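Colleague: Here you go, one structure.
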Amino acid sequence: MMIEQAGTYFFAGRAVNRLGYGAMQLAGPGVFGPPRDPDAALAVLRAAVAAGVNHIDTSDFYGPHVTNRLIREALSPYPDELLIVTKIGARRGDDAAWLPAFAPDALARAVDDNLTNLGLEALDVVNLRLMFDVHGPAEGSLAAPLKAVADLQRQGLVRHIGLSNVTPRQLDEARAITEIVCVQNQYNLAHRDDDAFIDALAADGVAYVPFFPLGGFSPLQSAVLSDVAARLKATPMQVALAWLLQRSPNILLIPGTSSVAHLHENLAAARLTLPEDALAELDRIGR
């Protein structure tokens with residue numbers, strides 16, 4: 001399959017294709033409420049798996065409850081090779097606000113909601129999403145909520161634990177409590193705060209999963225990116241994804257979309273190898 005050209009990485013006890021899929025955009029506007037076209041959302045999920053995607057990222061606070069129910073309807077019973085990664089630590093307010101949900105009972109309820117809406121007996125990977133600052137990593141002790149998640153792991157409800165929106169110091173604190181299999185932070189061509197962090201994780205064999213790999217709510221826009229893409233007869237977003245794949249072997253991508261055509265466009269980045277001169281030009285965007 002085409003996406004196998006991007007290679008695999010050993011993550012949560014199995015080899016996963018480095019190009020995966022993020023389900024956030026399947027919910028309604030602002031990641032709140034149902035999609036405008038539920039049938040199109042189901043079609044995207046089925047097309048992703050048919051194309052070889054075996055790593056899907058989701059959360060029960062997308063919607064809330066929307067993306068997980070779509071995943072279950074589209075894909076259950078799940079293929080054995082499919083790794084579903086979810087996250088907890090936040091909830092949605094009635095006004096669609098993103099709110100912390102760190103208390104042990106809130107975390108237990110979140111795991112239960114994910115299990116119920118995905119139709120699973122155990123969650124493959126759960127990322128604890130820190131909310132000391134909604135917009136980016138901020139220092140603060142994660143010991144209390146992480147110990148609560150580790151308790152759920154001991155009960156057999158969670159197989160592996162990751163962290164989202166975290167600093168290197170928080171990762172060190174976490175590793176004294178339990179094994180951490182992945183870090184999920186914002187990172188892309190223009191947002192390079194985690195450069196050193198990614199290299200350290202790669203040395204330790206820990207997966208790094210950038211969210212907003214294409215800029216998220218503010219899509220990447222750069223004359224340099226557009227020029228490189230035109231030269232390579234690719235789209236700017238394909239080039240941005242290919243840059244991430246070449247940035248470090250431990251990077252796993254989860255670009256999201258609600259369009260089957262856009263899904264296939266994203267996955268085609270697996271075939272794109274950026275030459276050295278293009279990499280040098282692109283590297284300057286984030287500096």
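In the structure tokens, chains take the letters A, B, ... in the order shown, each chain's residues start at 1, and ligands count up from 1 in the order shown.
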For A:Tyr62, please output as an NGL selection string all residues within 9 Å (counting only C-alpha atoms; exclusion window: fewer than 4 positions along the same chain).
Modeller: :A and (23-28 or 31-33 or 58 or 66-68 or 91-92)
Colleague: Take the residues from that selection and write them out as a PDB file, in the first residue's frame, keeping C-alpha atoms.
Modeller:
ATOM      1  CA  ALA A  23     -10.529  11.976  14.042  1.00  0.00           C
ATOM      2  CA  MET A  24     -11.011  15.428  15.601  1.00  0.00           C
ATOM      3  CA  GLN A  25     -12.353  17.042  12.425  1.00  0.00           C
ATOM      4  CA  LEU A  26     -15.189  14.515  12.179  1.00  0.00           C
ATOM      5  CA  ALA A  27     -17.131  16.367  14.887  1.00  0.00           C
ATOM      6  CA  GLY A  28     -19.121  19.527  14.166  1.00  0.00           C
ATOM      7  CA  VAL A  31     -15.096  20.121  17.451  1.00  0.00           C
ATOM      8  CA  PHE A  32     -18.558  20.407  19.045  1.00  0.00           C
ATOM      9  CA  GLY A  33     -21.744  18.589  18.163  1.00  0.00           C
ATOM     10  CA  THR A  58      -9.450  10.279  18.946  1.00  0.00           C
ATOM     11  CA  VAL A  66     -19.251  12.164  18.549  1.00  0.00           C
ATOM     12  CA  THR A  67     -16.008  10.890  16.999  1.00  0.00           C
ATOM     13  CA  ASN A  68     -15.824   7.726  19.101  1.00  0.00           C
ATOM     14  CA  ARG A  91     -14.051  17.998  29.138  1.00  0.00           C
ATOM     15  CA  ARG A  92     -16.316  20.287  27.126  1.00  0.00           C
TER      16      ARG A  92
END
Colleague: Give the strand (DSSP E) residues of stretch 81-242 of chain A, as assigned by DSSP on the backbone, as a VMD selection string.
Modeller: chain A and resid 83 to 88 90 to 92 98 to 100 123 to 129 158 to 164 182 to 184 207 to 208
Colleague: Tell me, as a list in words, which residues lie within 10 Å of A:Arg287, counting only C-alpha atoms; anything in the same chain fewer than 4 positions away does not count.
Modeller: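 Final neighbour list, sorted by chain and number: Leu189, Ala190, His191, Arg192, Leu282 and Asp283 of chain A.
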Colleague: Could you turn the residues from that selection into a file that holds all heavy atoms, as a PDB file, in the first residue's frame?
Modeller:
ATOM      1  N   LEU A 189       6.015  22.599  10.713  1.00  0.00           N
ATOM      2  CA  LEU A 189       7.065  23.387  10.059  1.00  0.00           C
ATOM      3  C   LEU A 189       7.311  24.740  10.711  1.00  0.00           C
ATOM      4  O   LEU A 189       8.446  25.201  10.805  1.00  0.00           O
ATOM      5  CB  LEU A 189       6.667  23.625   8.596  1.00  0.00           C
ATOM      6  CG  LEU A 189       7.316  22.786   7.524  1.00  0.00           C
ATOM      7  CD1 LEU A 189       6.712  23.130   6.178  1.00  0.00           C
ATOM      8  CD2 LEU A 189       8.824  22.995   7.509  1.00  0.00           C
ATOM      9  N   ALA A 190       6.239  25.389  11.155  1.00  0.00           N
ATOM     10  CA  ALA A 190       6.347  26.750  11.691  1.00  0.00           C
ATOM     11  C   ALA A 190       6.407  26.804  13.206  1.00  0.00           C
ATOM     12  O   ALA A 190       6.753  27.838  13.773  1.00  0.00           O
ATOM     13  CB  ALA A 190       5.167  27.592  11.198  1.00  0.00           C
ATOM     14  N   HIS A 191       6.070  25.703  13.873  1.00  0.00           N
ATOM     15  CA  HIS A 191       5.993  25.667  15.341  1.00  0.00           C
ATOM     16  C   HIS A 191       6.988  24.624  15.828  1.00  0.00           C
ATOM     17  O   HIS A 191       6.671  23.448  15.930  1.00  0.00           O
ATOM     18  CB  HIS A 191       4.558  25.321  15.768  1.00  0.00           C
ATOM     19  CG  HIS A 191       4.290  25.544  17.220  1.00  0.00           C
ATOM     20  ND1 HIS A 191       4.733  24.666  18.199  1.00  0.00           N
ATOM     21  CD2 HIS A 191       3.635  26.529  17.868  1.00  0.00           C
ATOM     22  CE1 HIS A 191       4.345  25.107  19.389  1.00  0.00           C
ATOM     23  NE2 HIS A 191       3.682  26.237  19.210  1.00  0.00           N
ATOM     24  N   ARG A 192       8.204  25.086  16.168  1.00  0.00           N
ATOM     25  CA  ARG A 192       9.343  24.188  16.347  1.00  0.00           C
ATOM     26  C   ARG A 192       9.854  24.144  17.787  1.00  0.00           C
ATOM     27  O   ARG A 192      11.013  23.779  18.018  1.00  0.00           O
ATOM     28  CB  ARG A 192      10.472  24.636  15.411  1.00  0.00           C
ATOM     29  CG  ARG A 192      10.090  24.691  13.921  1.00  0.00           C
ATOM     30  CD  ARG A 192      10.167  23.340  13.277  1.00  0.00           C
ATOM     31  NE  ARG A 192      11.532  22.844  13.311  1.00  0.00           N
ATOM     32  CZ  ARG A 192      12.471  23.172  12.421  1.00  0.00           C
ATOM     33  NH1 ARG A 192      12.211  23.998  11.427  1.00  0.00           N
ATOM     34  NH2 ARG A 192      13.684  22.664  12.529  1.00  0.00           N
ATOM     35  N   LEU A 282      12.932  24.761   3.846  1.00  0.00           N
ATOM     36  CA  LEU A 282      11.802  24.570   4.750  1.00  0.00           C
ATOM     37  C   LEU A 282      12.215  24.750   6.211  1.00  0.00           C
ATOM     38  O   LEU A 282      11.450  25.280   7.020  1.00  0.00           O
ATOM     39  CB  LEU A 282      11.180  23.200   4.544  1.00  0.00           C
ATOM     40  CG  LEU A 282      10.528  22.963   3.176  1.00  0.00           C
ATOM     41  CD1 LEU A 282      10.227  21.485   2.963  1.00  0.00           C
ATOM     42  CD2 LEU A 282       9.265  23.793   3.034  1.00  0.00           C
ATOM     43  N   ASP A 283      13.410  24.300   6.548  1.00  0.00           N
ATOM     44  CA  ASP A 283      13.889  24.430   7.925  1.00  0.00           C
ATOM     45  C   ASP A 283      13.906  25.891   8.384  1.00  0.00           C
ATOM     46  O   ASP A 283      13.728  26.193   9.568  1.00  0.00           O
ATOM     47  CB  ASP A 283      15.292  23.831   8.078  1.00  0.00           C
ATOM     48  CG  ASP A 283      15.275  22.321   8.224  1.00  0.00           C
ATOM     49  OD1 ASP A 283      14.177  21.772   8.491  1.00  0.00           O
ATOM     50  OD2 ASP A 283      16.327  21.697   8.060  1.00  0.00           O
TER      51      ASP A 283
END
Colleague: In Å to one decimal, how far is atom CA of A:Ala196 from atom CA of A:Leu130?
Modeller: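 So the answer is 20.1 Å.
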Colleague: Write out as a ChimeraX atom specification each polymer residue whose atoms come within 12 Å of stretch 139-149 of chain A, counting only C-alpha atoms; drop sequence neighbours fewer than 4 positions from it.
Modeller: /A:87-90,100-112,123,125-133,153-180
Colleague: Could you list, as a ChimeraX atom specification, every residue within 7 Å of stretch 197-212 of chain A, counting only C-alpha atoms and ignoring same-chain residues fewer than 5 positions away?
Modeller: /A:11,168,181-187,250-253
Colleague: Kindly save the residues from that selection, with N, CA and C atoms included, as a PDB file, in the first residue's frame.
Modeller:
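Printed below is again07.pdb as written:
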ATOM      1  N   PHE A  11       5.385   1.029  18.321  1.00  0.00           N
ATOM      2  CA  PHE A  11       4.621   1.905  19.208  1.00  0.00           C
ATOM      3  C   PHE A  11       3.569   1.074  19.930  1.00  0.00           C
ATOM      4  N   PRO A 168       9.463  18.590  28.883  1.00  0.00           N
ATOM      5  CA  PRO A 168      10.433  17.543  29.233  1.00  0.00           C
ATOM      6  C   PRO A 168      10.493  17.271  30.739  1.00  0.00           C
ATOM      7  N   VAL A 181       4.674   5.814  26.589  1.00  0.00           N
ATOM      8  CA  VAL A 181       4.965   5.292  25.251  1.00  0.00           C
ATOM      9  C   VAL A 181       4.942   6.365  24.169  1.00  0.00           C
ATOM     10  N   CYS A 182       4.369   7.539  24.472  1.00  0.00           N
ATOM     11  CA  CYS A 182       4.322   8.578  23.442  1.00  0.00           C
ATOM     12  C   CYS A 182       4.118   9.946  24.070  1.00  0.00           C
ATOM     13  N   VAL A 183       4.516  10.950  23.316  1.00  0.00           N
ATOM     14  CA  VAL A 183       4.242  12.352  23.655  1.00  0.00           C
ATOM     15  C   VAL A 183       3.499  12.956  22.476  1.00  0.00           C
ATOM     16  N   GLN A 184       2.428  13.678  22.789  1.00  0.00           N
ATOM     17  CA  GLN A 184       1.634  14.336  21.748  1.00  0.00           C
ATOM     18  C   GLN A 184       1.568  15.831  22.051  1.00  0.00           C
ATOM     19  N   ASN A 185       2.359  16.597  21.304  1.00  0.00           N
ATOM     20  CA  ASN A 185       2.428  18.050  21.461  1.00  0.00           C
ATOM     21  C   ASN A 185       2.232  18.724  20.100  1.00  0.00           C
ATOM     22  N   GLN A 186       2.010  20.027  20.136  1.00  0.00           N
ATOM     23  CA  GLN A 186       1.922  20.761  18.882  1.00  0.00           C
ATOM     24  C   GLN A 186       3.309  20.900  18.264  1.00  0.00           C
ATOM     25  N   TYR A 187       3.392  20.571  16.972  1.00  0.00           N
ATOM     26  CA  TYR A 187       4.661  20.691  16.258  1.00  0.00           C
ATOM     27  C   TYR A 187       4.374  20.640  14.767  1.00  0.00           C
ATOM     28  N   ASN A 250      10.888   8.805  14.787  1.00  0.00           N
ATOM     29  CA  ASN A 250       9.903   8.509  15.833  1.00  0.00           C
ATOM     30  C   ASN A 250       8.635   9.347  15.697  1.00  0.00           C
ATOM     31  N   ILE A 251       8.571  10.212  14.667  1.00  0.00           N
ATOM     32  CA  ILE A 251       7.377  11.030  14.470  1.00  0.00           C
ATOM     33  C   ILE A 251       6.307  10.212  13.755  1.00  0.00           C
ATOM     34  N   LEU A 252       5.125  10.149  14.374  1.00  0.00           N
ATOM     35  CA  LEU A 252       3.949   9.501  13.793  1.00  0.00           C
ATOM     36  C   LEU A 252       2.921  10.579  13.492  1.00  0.00           C
ATOM     37  N   LEU A 253       2.372  10.567  12.286  1.00  0.00           N
ATOM     38  CA  LEU A 253       1.485  11.639  11.854  1.00  0.00           C
ATOM     39  C   LEU A 253       0.019  11.225  11.941  1.00  0.00           C
TER      40      LEU A 253
END
Colleague: Just the number, please: distance in Å from atom CA of A:Leu118 to atom CA of A:Gly20, one decimal.
Modeller: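 Value for the atom CA of A:Leu118-atom CA of A:Gly20 distance: 17.8 Å.
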Colleague: Calculated over only C-alpha atoms, which of the candidates A:Leu267, A:Pro64, A:Arg231, A:Asp37 has the smallest distance to A:Val49?
Modeller: A:Leu267
Colleague: By how many Å are atom CA of A:Phe61 and atom CA of A:Pro35 apart?
Modeller: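 Separation between atom CA of A:Phe61 and atom CA of A:Pro35: 14.3 Å.
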Colleague: When you look at A:Gly22 with a cut-off of 8 Å (counting only C-alpha atoms), what residues show up, excluding the ones that are within fewer than 4 positions of it in the same chain? I need them as number ranges by chain.
Modeller: A: 56-58, 254-257
Colleague: For the selection you just gave me, I'd like the residues written to a file as a compact mmCIF listing (two decimals), in the first residue's frame, keeping N, CA, C and O atoms.
Modeller:
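Result saved to out05.txt:
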# COMPACT_ATOMS: atom_id res chain seq x y z
N ILE A 56 -5.30 5.34 14.65
CA ILE A 56 -6.32 6.38 14.66
C ILE A 56 -6.30 7.07 16.02
O ILE A 56 -6.30 6.42 17.06
N ASP A 57 -6.26 8.39 15.99
CA ASP A 57 -6.24 9.20 17.21
C ASP A 57 -7.61 9.84 17.42
O ASP A 57 -8.19 10.41 16.49
N THR A 58 -8.12 9.77 18.65
CA THR A 58 -9.45 10.28 18.95
C THR A 58 -9.53 10.70 20.41
O THR A 58 -8.54 10.65 21.14
N ILE A 254 -0.81 12.18 12.36
CA ILE A 254 -2.25 11.93 12.47
C ILE A 254 -3.03 13.10 11.84
O ILE A 254 -3.90 13.68 12.48
N PRO A 255 -2.73 13.45 10.58
CA PRO A 255 -3.49 14.55 9.98
C PRO A 255 -4.97 14.18 9.91
O PRO A 255 -5.34 13.05 9.61
N GLY A 256 -5.81 15.17 10.18
CA GLY A 256 -7.24 14.94 10.18
C GLY A 256 -7.92 15.60 9.01
O GLY A 256 -7.42 16.58 8.45
N THR A 257 -9.05 15.06 8.63
CA THR A 257 -9.86 15.64 7.57
C THR A 257 -11.24 15.00 7.62
O THR A 257 -11.40 13.90 8.15
Colleague: Need the shell around A:Arg69: protein/DNA/RNA residues with any atom at most 9 Å away, counting only C-alpha atoms. Skip same-chain ones fewer than 5 positions apart. Format as a list in words?
Modeller: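 Here the qualifying residues turn out to be Asp60, Ala74, Thr116, Asn117, Leu118 and Gly119 of chain A.
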Colleague: Go through A:Asp80, A:Ser59, A:Ala223, A:Leu45 and flag the residue nearest A:Asp113, using only C-alpha atoms for the distances.
Modeller: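 Of A:Asp80, A:Ser59, A:Ala223, A:Leu45, the one nearest A:Asp113, counting only C-alpha atoms, is A:Ser59.
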